[in-house]
Amino acid sequence: MNSEEKSNIASSPEKKSSAPMKLKLLFTIVERGKLEFYADMLQNFEVNAQFFLAAQGTHVGNRTDLMGLAERDKGVIVSVIRSDRVKAAMEMLEEKFRTVRNGKGIAFTVPMSSTIGVAMYQFLCNAGK
């Protein structure tokens, strides 16, 4: 290597290595009929992976069950979301739970401790943007 090549290497800016973005699993439990509505709303928060699960609610009420009004079919949305987007997503969900007709639900997060593969991690956290 000549001196000119050495000076180019020395003067080139080094790529800053930033800490990896933390990911969380966001669980959203809603009435089954509202599953797609909430899944679409969560897409605005750069959620790249969502899984839908069918569930049954545990509410047993005397009057509502007798009249056939108790809605026990629930849906669970499991979303992978970046930690820096969780607060905004939870605020949106809280607001929708209050204002959407029959839109009540529960949402909570669990930290993800690891993923297998760099490409999968980059996809999940939108590292390519």
# chains A, B, ... in the order shown; residues from 1 in each chain; ligands from 1
call {"tool": "residues_around", "arguments": {"residues": "A:Gly75", "least_positions_apart": "2", "cutoff": "8 Å", "atoms": "only C-alpha atoms", "output": "CSV table (one decimal) with N, CA and C atoms, in the first residue's frame"}}
result
chain,number,residue,atom,x,y,z
A,29,ILE,N,-55.8,-7.9,22.3
A,29,ILE,CA,-56.9,-8.8,22.4
A,29,ILE,C,-58.2,-8.0,22.2
A,30,VAL,N,-58.9,-8.3,21.1
A,30,VAL,CA,-60.1,-7.6,20.8
A,30,VAL,C,-61.2,-8.6,20.3
A,31,GLU,N,-62.4,-8.1,20.1
A,31,GLU,CA,-63.5,-8.9,19.6
A,31,GLU,C,-63.0,-9.4,18.2
A,32,ARG,N,-63.4,-10.6,17.8
A,32,ARG,CA,-62.9,-11.2,16.6
A,32,ARG,C,-63.3,-10.4,15.4
A,35,LEU,N,-60.7,-7.6,14.5
A,35,LEU,CA,-59.3,-8.0,14.4
A,35,LEU,C,-58.6,-7.3,13.2
A,52,PHE,N,-52.3,-13.8,13.9
A,52,PHE,CA,-53.6,-13.7,14.4
A,52,PHE,C,-53.9,-15.1,15.1
A,53,LEU,N,-54.6,-15.0,16.3
A,53,LEU,CA,-55.0,-16.2,17.0
A,53,LEU,C,-56.4,-16.1,17.4
A,54,ALA,N,-57.2,-17.2,17.3
A,54,ALA,CA,-58.5,-17.2,17.7
A,54,ALA,C,-58.6,-17.5,19.2
A,55,ALA,N,-59.5,-16.9,19.9
A,55,ALA,CA,-59.6,-17.1,21.4
A,55,ALA,C,-61.0,-17.0,21.8
A,56,GLN,N,-61.3,-17.4,23.0
A,56,GLN,CA,-62.6,-17.3,23.6
A,56,GLN,C,-62.5,-16.5,24.9
A,73,ASP,N,-66.3,-14.6,21.4
A,73,ASP,CA,-65.3,-14.8,20.4
A,73,ASP,C,-64.3,-13.7,20.4
A,77,ILE,N,-54.0,-10.4,18.4
A,77,ILE,CA,-53.0,-10.0,17.4
A,77,ILE,C,-51.6,-10.0,18.1
call {"tool": "closest_residue", "arguments": {"among": "A:Gly33, A:Ala89, A:Phe97, A:Asp84", "to": "A:Pro20", "atoms": "only C-alpha atoms"}}
result
A:Asp84
call {"tool": "atom_distance", "arguments": {"atom1": "atom CA of A:Pro111", "atom2": "atom CA of A:Val47"}}
result
14.8 Å
call {"tool": "closest_atom_pairs", "arguments": {"of": "stretch 77-102 of chain A", "to": "stretch 119-127 of chain A", "cutoff": "10 Å", "atoms": "only C-alpha atoms", "output": "Markdown table"}}
result
| residue | atom | partner | partner_atom | distance |
| --- | --- | --- | --- | --- |
| A:Ser79 | CA | A:Leu124 | CA | 10.0 |
| A:Val80 | CA | A:Leu124 | CA | 6.8 |
| A:Ile81 | CA | A:Cys125 | CA | 7.1 |
| A:Arg82 | CA | A:Cys125 | CA | 5.9 |
| A:Ser83 | CA | A:Cys125 | CA | 9.4 |
call {"tool": "residues_around", "arguments": {"residues": "A:Leu26", "least_positions_apart": "4", "cutoff": "6 Å", "atoms": "only C-alpha atoms", "output": "tab-separated table (two decimals) with C-alpha atoms, in the first residue's frame"}}
result
chain	number	residue	atom	x	y	z
A	78	VAL	CA	-49.33	-10.70	18.12
A	79	SER	CA	-47.23	-7.95	16.51
A	108	PHE	CA	-49.65	-5.24	26.47
A	109	THR	CA	-46.04	-5.79	25.43
call {"tool": "atom_distance", "arguments": {"atom1": "atom CA of A:Ala39", "atom2": "atom CA of A:Val86"}}
result
14.5 Å
call {"tool": "closest_residue", "arguments": {"among": "A:Tyr38, A:Gln43, A:Lys104, A:Thr58", "to": "A:Arg85", "atoms": "only C-alpha atoms"}}
result
A:Gln43
